[in-house]
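Below is input.pdb, which holds PDB, C-alpha atoms.
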```pdb
ATOM      1  CA  MET A   1     -24.101 -32.281  61.688
ATOM      2  CA  ALA A   2     -21.394 -33.412  59.276
ATOM      3  CA  ARG A   3     -17.737 -32.437  59.204
ATOM      4  CA  ILE A   4     -16.917 -30.955  55.805
ATOM      5  CA  LEU A   5     -13.570 -29.897  54.336
ATOM      6  CA  ILE A   6     -13.633 -27.261  51.595
ATOM      7  CA  VAL A   7     -10.586 -27.020  49.334
ATOM      8  CA  ASP A   8     -10.483 -23.899  47.165
ATOM      9  CA  ASP A   9      -7.719 -21.407  46.419
ATOM     10  CA  SER A  10     -10.233 -18.582  45.969
ATOM     11  CA  GLU A  11     -10.703 -17.149  49.448
ATOM     12  CA  MET A  12     -13.912 -15.420  48.356
ATOM     13  CA  PHE A  13     -15.459 -18.595  46.938
ATOM     14  CA  ALA A  14     -14.233 -20.734  49.832
ATOM     15  CA  GLU A  15     -15.818 -18.297  52.281
ATOM     16  CA  PHE A  16     -19.099 -18.297  50.339
ATOM     17  CA  THR A  17     -19.170 -22.099  50.380
ATOM     18  CA  ARG A  18     -18.282 -22.206  54.078
ATOM     19  CA  ALA A  19     -20.964 -19.648  54.938
ATOM     20  CA  VAL A  20     -23.635 -21.608  53.046
ATOM     21  CA  LEU A  21     -22.821 -24.839  54.879
ATOM     22  CA  ALA A  22     -21.734 -23.609  58.328
ATOM     23  CA  SER A  23     -25.226 -23.234  59.761
ATOM     24  CA  ASP A  24     -25.809 -26.992  59.475
ATOM     25  CA  HIS A  25     -22.295 -28.448  59.472
ATOM     26  CA  GLU A  26     -18.831 -28.112  60.945
ATOM     27  CA  VAL A  27     -16.717 -26.703  58.121
ATOM     28  CA  ASP A  28     -12.960 -26.329  57.661
ATOM     29  CA  VAL A  29     -11.317 -24.551  54.731
ATOM     30  CA  VAL A  30      -7.902 -25.023  53.138
ATOM     31  CA  HIS A  31      -6.527 -23.518  49.943
ATOM     32  CA  ASN A  32      -4.764 -26.372  48.153
ATOM     33  CA  GLY A  33      -4.774 -30.131  47.843
ATOM     34  CA  ARG A  34      -1.612 -30.657  49.857
ATOM     35  CA  GLN A  35      -3.171 -28.941  52.873
ATOM     36  CA  ALA A  36      -6.332 -30.985  52.314
ATOM     37  CA  ALA A  37      -4.465 -34.297  52.285
ATOM     38  CA  THR A  38      -2.629 -33.450  55.501
ATOM     39  CA  LEU A  39      -5.734 -32.251  57.332
ATOM     40  CA  ALA A  40      -7.985 -35.066  56.100
ATOM     41  CA  LEU A  41      -5.585 -37.712  57.384
ATOM     42  CA  ARG A  42      -5.582 -36.124  60.860
ATOM     43  CA  ASN A  43      -9.296 -35.342  61.124
ATOM     44  CA  PRO A  44     -12.342 -37.444  60.298
ATOM     45  CA  TYR A  45     -14.385 -35.708  57.591
ATOM     46  CA  ASP A  46     -17.760 -36.825  56.304
ATOM     47  CA  LEU A  47     -17.365 -34.946  53.012
ATOM     48  CA  ILE A  48     -14.682 -33.160  51.028
ATOM     49  CA  ILE A  49     -15.545 -30.453  48.496
ATOM     50  CA  THR A  50     -12.681 -29.519  46.187
ATOM     51  CA  ASP A  51     -12.091 -27.060  43.411
ATOM     52  CA  ILE A  52     -10.213 -28.426  40.394
ATOM     53  CA  PHE A  53      -7.719 -25.692  39.564
ATOM     54  CA  MET A  54      -5.479 -24.695  42.467
ATOM     55  CA  PRO A  55      -1.760 -24.171  43.035
ATOM     56  CA  VAL A  56       0.489 -26.634  44.887
ATOM     57  CA  ALA A  57      -1.813 -29.656  44.478
ATOM     58  CA  ASP A  58      -4.887 -29.356  42.274
ATOM     59  CA  GLY A  59      -8.303 -30.945  42.642
ATOM     60  CA  TYR A  60      -7.389 -33.948  40.518
ATOM     61  CA  GLU A  61      -4.506 -34.725  42.870
ATOM     62  CA  THR A  62      -6.827 -34.161  45.820
ATOM     63  CA  ILE A  63      -9.405 -36.605  44.440
ATOM     64  CA  ARG A  64      -6.726 -39.231  43.755
ATOM     65  CA  SER A  65      -5.281 -38.924  47.266
ATOM     66  CA  MET A  66      -8.723 -39.121  48.895
ATOM     67  CA  ARG A  67      -9.641 -42.204  46.865
ATOM     68  CA  ARG A  68      -6.321 -43.830  47.849
ATOM     69  CA  ASP A  69      -6.180 -42.811  51.527
ATOM     70  CA  LEU A  70      -9.851 -42.273  52.479
ATOM     71  CA  PRO A  71     -11.875 -44.246  49.926
ATOM     72  CA  LYS A  72     -15.149 -44.094  51.865
ATOM     73  CA  VAL A  73     -15.223 -40.293  52.201
ATOM     74  CA  PRO A  74     -17.337 -38.767  49.426
ATOM     75  CA  VAL A  75     -15.802 -36.003  47.324
ATOM     76  CA  ILE A  76     -17.666 -33.277  45.467
ATOM     77  CA  ALA A  77     -15.600 -31.650  42.708
ATOM     78  CA  MET A  78     -16.424 -28.107  41.670
ATOM     79  CA  SER A  79     -15.189 -26.009  38.791
ATOM     80  CA  GLY A  80     -16.241 -23.334  36.375
ATOM     81  CA  SER A  81     -15.762 -23.947  32.691
ATOM     82  CA  GLU A  82     -16.294 -22.127  29.465
ATOM     83  CA  ALA A  83     -17.736 -23.330  26.195
ATOM     84  CA  GLY A  84     -15.115 -25.031  24.076
ATOM     85  CA  THR A  85     -12.981 -26.207  27.005
ATOM     86  CA  PRO A  86     -12.630 -29.803  28.169
ATOM     87  CA  ASP A  87     -15.242 -31.039  30.633
ATOM     88  CA  PHE A  88     -13.060 -30.868  33.722
ATOM     89  CA  LEU A  89     -15.852 -32.161  35.959
ATOM     90  CA  ALA A  90     -16.305 -35.281  33.826
ATOM     91  CA  ILE A  91     -12.583 -35.946  34.282
ATOM     92  CA  ALA A  92     -12.992 -35.448  38.048
ATOM     93  CA  ALA A  93     -15.831 -37.997  38.087
ATOM     94  CA  LYS A  94     -13.658 -40.513  36.227
ATOM     95  CA  LEU A  95     -10.944 -40.003  38.845
ATOM     96  CA  GLY A  96     -13.385 -40.816  41.637
ATOM     97  CA  ALA A  97     -15.356 -37.698  42.543
ATOM     98  CA  THR A  98     -18.657 -38.828  44.022
ATOM     99  CA  ARG A  99     -20.523 -35.857  42.558
ATOM    100  CA  THR A 100     -19.731 -32.643  40.711
ATOM    101  CA  ILE A 101     -21.074 -29.103  40.651
ATOM    102  CA  ARG A 102     -20.392 -26.349  38.143
ATOM    103  CA  LYS A 103     -19.424 -22.875  39.387
ATOM    104  CA  PRO A 104     -21.066 -20.513  39.867
ATOM    105  CA  PHE A 105     -23.863 -22.204  41.760
ATOM    106  CA  ALA A 106     -26.685 -21.049  44.005
ATOM    107  CA  ALA A 107     -26.559 -21.679  47.741
ATOM    108  CA  SER A 108     -29.684 -23.838  47.470
ATOM    109  CA  GLU A 109     -28.081 -25.978  44.756
ATOM    110  CA  LEU A 110     -25.052 -26.595  46.975
ATOM    111  CA  THR A 111     -27.088 -27.451  50.063
ATOM    112  CA  ARG A 112     -29.237 -29.927  48.084
ATOM    113  CA  LEU A 113     -26.156 -31.598  46.608
ATOM    114  CA  VAL A 114     -24.400 -31.813  49.974
ATOM    115  CA  ALA A 115     -27.504 -33.282  51.633
ATOM    116  CA  ALA A 116     -27.921 -35.865  48.864
ATOM    117  CA  THR A 117     -24.242 -36.797  48.989
ATOM    118  CA  LEU A 118     -24.224 -37.186  52.764
ATOM    119  CA  ALA A 119     -27.408 -39.259  52.569
ATOM    120  CA  GLY A 120     -25.818 -41.428  49.897
ATOM    121  CA  SER A 121     -28.740 -40.889  47.540
ATOM    122  CA  ALA A 122     -28.457 -41.606  43.862
ATOM    123  CA  THR A 123     -29.413 -38.107  42.712
ATOM    124  CA  PRO A 124     -27.574 -36.954  39.602
ATOM    125  CA  ASN A 125     -24.680 -34.528  39.598
ATOM    126  CA  ALA A 126     -25.502 -30.867  39.710
ATOM    127  CA  ALA A 127     -23.141 -30.128  36.824
TER     128      ALA A 127
END
```
Whole structure, structure tokens version:
Amino acid sequence: MARILIVDDSEMFAEFTRAVLASDHEVDVVHNGRQAATLALRNPYDLIITDIFMPVADGYETIRSMRRDLPKVPVIAMSGSEAGTPDFLAIAAKLGATRTIRKPFAASELTRLVAATLAGSATPNAA
């Protein structure tokens, strides 16, 4: 059982993600990157899953702070995007996200990605 921190300003999406993972893992949820940085420094997490676009401190800031303060903790970045917009997940990967996943995603897609990330396997990003 891994300890996972979910960072997402959408309460509905954060709850969906928590519900998918809670049967196999201990899951905490916060709603911005500042809360994530504070909590992650006080608690040992095995994985952090962060949305990109959030108020207060966005996912990019969250990824940067995790890479600086907790470089061994894997980070999965998640975001929805529309055709014609920049590839926000590619930017997240360049900043240090271990893996990425595009919203919306199926519960099975998330559980496979989380398992692969925790196992340290070299499976490709889900995005």
Worksheet item: With all atoms listed in the file as the atoms that count, which of A:Leu118, A:Leu113, A:Val75, A:Ile63 lies nearest to Thr98 in chain A?
Response: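 Nearest candidate to Thr98 in chain A out of A:Leu118, A:Leu113, A:Val75, A:Ile63: A:Val75.
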Practice prompt. Decode the PyMOL selection byres ((chain A and resi 7) around 8) for the given file into explicit residues and return them as a list in words.
Written response: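 The output of the PyMOL selection byres ((chain A and resi 7) around 8) on this file is Leu5, Ile6, Asp8, Asp9, Ala14, Val29, Val30, His31, Asn32, Gly33, Ala36, Ile48, Ile49, Thr50 and Asp51 of chain A.
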Box for range 6-24 of chain A: with edges along x, y and z, all listed atoms inside and 3 Å added on each side, what are the centre and edge lengths in Å to one decimal, as AutoDock Vina command-line options?
```
--center_x -16.8 --center_y -21.3 --center_z 52.9 --size_x 24.1 --size_y 17.8 --size_z 19.8
```
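Applied to the shown file, the PyMOL selection byres ((chain A and resi 23-25) around 7) selects the residues Met1, Ala2, Arg3, Ile4, Leu21, Ala22, Glu26 and Val27 of chain A.
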Next, write the just-selected residues to a file, as a PDB file, in the coordinates of the input, keeping C-alpha atoms as the atom set.
```pdb
ATOM      1  CA  MET A   1     -24.101 -32.281  61.688  1.00  0.00           C
ATOM      2  CA  ALA A   2     -21.394 -33.412  59.276  1.00  0.00           C
ATOM      3  CA  ARG A   3     -17.737 -32.437  59.204  1.00  0.00           C
ATOM      4  CA  ILE A   4     -16.917 -30.955  55.805  1.00  0.00           C
ATOM      5  CA  LEU A  21     -22.821 -24.839  54.879  1.00  0.00           C
ATOM      6  CA  ALA A  22     -21.734 -23.609  58.328  1.00  0.00           C
ATOM      7  CA  GLU A  26     -18.831 -28.112  60.945  1.00  0.00           C
ATOM      8  CA  VAL A  27     -16.717 -26.703  58.121  1.00  0.00           C
TER       9      VAL A  27
END
```
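Residues matching the PyMOL selection byres ((chain A and resi 101) around 10) in this structure come to Ile49, Asp51, Ile76, Ala77, Met78, Ser79, Gly80, Leu89, Arg99, Thr100, Arg102, Lys103, Pro104, Phe105, Glu109, Leu110, Leu113, Asn125, Ala126 and Ala127 of chain A.
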